[in-house]
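Undergrad: Let me begin by handing over the structure; questions about it come next.
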Amino acid sequence: MKRYFFVFLLLLGQLHALERESTLKMYGVIFEALGLKAPIHLYVNDKEYRSVFRHSPDIELVDVFEKSDIVLVTTEEALELARRKKGQNPEGKPIVFATDYHFLKSCEKAVGAFYWRKGRSQLLFLKKRLERHHITVPERYDQFVIDEL
């Protein structure tokens with residue numbers, strides 16, 4: 001019985017590592033599409049996301065909104081923080097990106113979102129918001145760019 005429990009724990013650990021790795025890859029591709037280059041300074045206040053991004057060699061977690069290249073809105077608290085901040089610095093940063101359709105719709109500063117709906121991943125970029133930041137996504141992402149919600 002102990003042997004089966006040990007194998008179960010080992011498999012569970014491997015699945016978690018695969019999930020973390022795939023999440024890092026997905027966001028790495030998204031951040032690259034937004035024109036960000038390593039090292040990327042990321043502000044995220046969600047503990048689960050912080051534990052995932054902590055393992056990335058290309059992403060540095062920052063604790064201050066203003067020192068980030070990109071802000072990942074994962075909670076209502078982060079959404080309110082993004083709404084309250086006045087403007088961006090001269091380089092158009094930080095870029096705000098959401099992990100929920102509701103956050104994308106609620107925050108005028110968010111340029112896009114990556115989220116799950118009915119078991120499928122959804123990626124959206126909003127054209128006017130990208131233009132506001134002078135961001136041009138590569139052609140292969142044109143199918144994810146929409147005019148409005």
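Every chain in the structure tokens takes a letter, A first, then B, and so on in the order presented; its residues are numbered from 1, and the ligands are numbered from 1 following the presented order.
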Skipping near chain neighbours, those fewer than 4 positions away, what residues fall within 9 Å of Leu149 (chain A) using only C-alpha atoms, listed as a PDB file with N, CA and C atoms, in the first residue's frame?
TA:
```
ATOM      1  N   LEU A 104     -10.667  41.531 -18.181  1.00  0.00           N
ATOM      2  CA  LEU A 104     -10.384  42.230 -19.439  1.00  0.00           C
ATOM      3  C   LEU A 104     -11.462  43.260 -19.725  1.00  0.00           C
ATOM      4  N   LYS A 105     -12.697  42.868 -19.527  1.00  0.00           N
ATOM      5  CA  LYS A 105     -13.822  43.755 -19.796  1.00  0.00           C
ATOM      6  C   LYS A 105     -13.885  44.909 -18.789  1.00  0.00           C
ATOM      7  N   LEU A 126      -7.094  43.171 -27.629  1.00  0.00           N
ATOM      8  CA  LEU A 126      -7.990  44.233 -28.075  1.00  0.00           C
ATOM      9  C   LEU A 126      -7.209  45.251 -28.905  1.00  0.00           C
TER      10      LEU A 126
END
```
Undergrad: Could you check how far CA of Tyr115 (chain A) sits from CA of Thr99 (chain A), in Å to one decimal?
TA: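 Answer for the CA of Tyr115 (chain A) to CA of Thr99 (chain A) separation: 5.1 Å.
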Undergrad: Counting only C-alpha atoms, which of A:Arg83, A:Asp58, A:Asp147, A:His133 gets nearest to Glu32 (chain A)?
TA: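 Comparing A:Arg83, A:Asp58, A:Asp147, A:His133 against Glu32 (chain A), the winner is A:Asp58.
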Undergrad: Write out as a list in words which residues come within 10 Å of Pro39 (chain A) when counting only C-alpha atoms, dropping same-chain ones fewer than 3 positions away.
TA: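 After dropping sequence-adjacent residues, the list is Leu36, Leu42, Ser56, Pro57, Asp58, Ile59, Glu60, Leu61 and Asp69 of chain A.
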Undergrad: Based on the selection just made, write N, CA and C atoms of those residues as a CSV table (one decimal), in the first residue's frame.
TA:
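Just written: again.csv:
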```csv
chain,number,residue,atom,x,y,z
A,36,LEU,N,7.7,42.0,-25.6
A,36,LEU,CA,8.6,42.1,-24.4
A,36,LEU,C,9.8,41.1,-24.5
A,42,LEU,N,7.8,41.2,-14.1
A,42,LEU,CA,6.4,40.9,-13.9
A,42,LEU,C,5.9,41.2,-12.5
A,56,SER,N,11.0,30.6,-13.8
A,56,SER,CA,11.3,31.0,-15.2
A,56,SER,C,12.6,31.8,-15.2
A,57,PRO,N,13.5,31.4,-16.1
A,57,PRO,CA,14.8,32.1,-16.2
A,57,PRO,C,14.6,33.5,-16.9
A,58,ASP,N,13.5,33.7,-17.6
A,58,ASP,CA,13.3,34.9,-18.4
A,58,ASP,C,12.5,35.9,-17.7
A,59,ILE,N,11.9,35.6,-16.6
A,59,ILE,CA,10.9,36.5,-15.9
A,59,ILE,C,11.4,36.7,-14.5
A,60,GLU,N,11.5,38.0,-14.1
A,60,GLU,CA,11.8,38.5,-12.8
A,60,GLU,C,10.6,39.0,-12.1
A,61,LEU,N,10.2,38.5,-11.0
A,61,LEU,CA,9.0,39.0,-10.3
A,61,LEU,C,9.4,40.2,-9.5
A,69,ASP,N,7.3,45.5,-16.2
A,69,ASP,CA,7.0,45.7,-17.7
A,69,ASP,C,5.6,45.3,-18.0
```
Undergrad: Using only C-alpha atoms, can you tell me which of A:Ile30, A:Ala38, A:His55, A:Phe65 comes closest to Ala98 (chain A)?
TA: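 Nearest to Ala98 (chain A): A:Ile30.
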Undergrad: Neighbouring residues of Arg84 (chain A) were defined as those with any atom within 12 Å, considering only C-alpha atoms; residues of the same chain fewer than 3 positions away were excluded. Please report them as a VMD selection string.
TA: chain A and resid 65 77 to 81 87 to 88 107 to 109
Undergrad: Please report, as a ChimeraX atom specification, each residue of region 4-136 of chain A to which DSSP assigns strand (DSSP E) when run on this structure's backbone.
TA: /A:40-43,59-61,70-73,95-98,110-117,120-126
Undergrad: Tell me, which residues of chain A carry DSSP alpha helix (DSSP H), written as a PyMOL selection string?
TA: chain A and resi 2-33+47-53+76-84+101-106+127-132
Undergrad: Near Tyr43 (chain A), counting only C-alpha atoms, which residues have an atom at most 10 Å away, once you skip same-chain residues fewer than 6 positions from it, shown as a list in words?
TA: Arg50, Glu60, Leu61, Val62, Asp63, Val64, Phe65, Glu66, Lys67, Ser68, Asp69, Ile70, Val71, Leu72, Val73, Ala78, Pro94 and Val96 of chain A
Undergrad: Go ahead and save the picked residues with N, CA and C atoms, as a PDB file, in the first residue's frame.
TA:
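This is the output file again-v8.pdb:
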```pdb
ATOM      1  N   ARG A  50       2.728  33.385  -8.822  1.00  0.00           N
ATOM      2  CA  ARG A  50       4.092  33.720  -8.397  1.00  0.00           C
ATOM      3  C   ARG A  50       4.949  32.465  -8.285  1.00  0.00           C
ATOM      4  N   GLU A  60      11.452  38.024 -14.145  1.00  0.00           N
ATOM      5  CA  GLU A  60      11.810  38.458 -12.799  1.00  0.00           C
ATOM      6  C   GLU A  60      10.562  39.018 -12.143  1.00  0.00           C
ATOM      7  N   LEU A  61      10.194  38.462 -11.006  1.00  0.00           N
ATOM      8  CA  LEU A  61       9.037  38.952 -10.265  1.00  0.00           C
ATOM      9  C   LEU A  61       9.416  40.221  -9.521  1.00  0.00           C
ATOM     10  N   VAL A  62       8.542  41.225  -9.599  1.00  0.00           N
ATOM     11  CA  VAL A  62       8.757  42.466  -8.856  1.00  0.00           C
ATOM     12  C   VAL A  62       7.576  42.672  -7.916  1.00  0.00           C
ATOM     13  N   ASP A  63       7.830  43.391  -6.839  1.00  0.00           N
ATOM     14  CA  ASP A  63       6.791  43.619  -5.832  1.00  0.00           C
ATOM     15  C   ASP A  63       6.127  44.982  -5.952  1.00  0.00           C
ATOM     16  N   VAL A  64       6.580  45.783  -6.917  1.00  0.00           N
ATOM     17  CA  VAL A  64       6.048  47.129  -7.092  1.00  0.00           C
ATOM     18  C   VAL A  64       5.475  47.259  -8.504  1.00  0.00           C
ATOM     19  N   PHE A  65       4.205  47.630  -8.570  1.00  0.00           N
ATOM     20  CA  PHE A  65       3.478  47.793  -9.830  1.00  0.00           C
ATOM     21  C   PHE A  65       4.270  48.630 -10.837  1.00  0.00           C
ATOM     22  N   GLU A  66       4.777  49.766 -10.394  1.00  0.00           N
ATOM     23  CA  GLU A  66       5.441  50.723 -11.290  1.00  0.00           C
ATOM     24  C   GLU A  66       6.772  50.235 -11.835  1.00  0.00           C
ATOM     25  N   LYS A  67       7.382  49.257 -11.225  1.00  0.00           N
ATOM     26  CA  LYS A  67       8.687  48.757 -11.681  1.00  0.00           C
ATOM     27  C   LYS A  67       8.548  47.584 -12.648  1.00  0.00           C
ATOM     28  N   SER A  68       7.328  47.277 -13.047  1.00  0.00           N
ATOM     29  CA  SER A  68       7.099  46.108 -13.899  1.00  0.00           C
ATOM     30  C   SER A  68       6.987  46.491 -15.368  1.00  0.00           C
ATOM     31  N   ASP A  69       7.272  45.522 -16.218  1.00  0.00           N
ATOM     32  CA  ASP A  69       7.026  45.660 -17.652  1.00  0.00           C
ATOM     33  C   ASP A  69       5.597  45.252 -17.959  1.00  0.00           C
ATOM     34  N   ILE A  70       5.117  44.275 -17.192  1.00  0.00           N
ATOM     35  CA  ILE A  70       3.765  43.766 -17.399  1.00  0.00           C
ATOM     36  C   ILE A  70       3.145  43.427 -16.052  1.00  0.00           C
ATOM     37  N   VAL A  71       1.841  43.691 -15.950  1.00  0.00           N
ATOM     38  CA  VAL A  71       1.072  43.371 -14.754  1.00  0.00           C
ATOM     39  C   VAL A  71       0.071  42.304 -15.150  1.00  0.00           C
ATOM     40  N   LEU A  72       0.080  41.206 -14.429  1.00  0.00           N
ATOM     41  CA  LEU A  72      -0.859  40.128 -14.686  1.00  0.00           C
ATOM     42  C   LEU A  72      -2.000  40.240 -13.684  1.00  0.00           C
ATOM     43  N   VAL A  73      -3.189  40.558 -14.178  1.00  0.00           N
ATOM     44  CA  VAL A  73      -4.360  40.733 -13.324  1.00  0.00           C
ATOM     45  C   VAL A  73      -5.020  39.376 -13.143  1.00  0.00           C
ATOM     46  N   ALA A  78      -5.905  42.929  -7.698  1.00  0.00           N
ATOM     47  CA  ALA A  78      -5.003  43.385  -8.758  1.00  0.00           C
ATOM     48  C   ALA A  78      -5.764  44.218  -9.787  1.00  0.00           C
ATOM     49  N   PRO A  94       3.640  49.950 -17.239  1.00  0.00           N
ATOM     50  CA  PRO A  94       3.479  48.524 -17.489  1.00  0.00           C
ATOM     51  C   PRO A  94       2.281  48.226 -18.380  1.00  0.00           C
ATOM     52  N   VAL A  96      -0.860  45.908 -19.010  1.00  0.00           N
ATOM     53  CA  VAL A  96      -1.762  45.135 -18.151  1.00  0.00           C
ATOM     54  C   VAL A  96      -2.365  44.013 -18.992  1.00  0.00           C
TER      55      VAL A  96
END
```
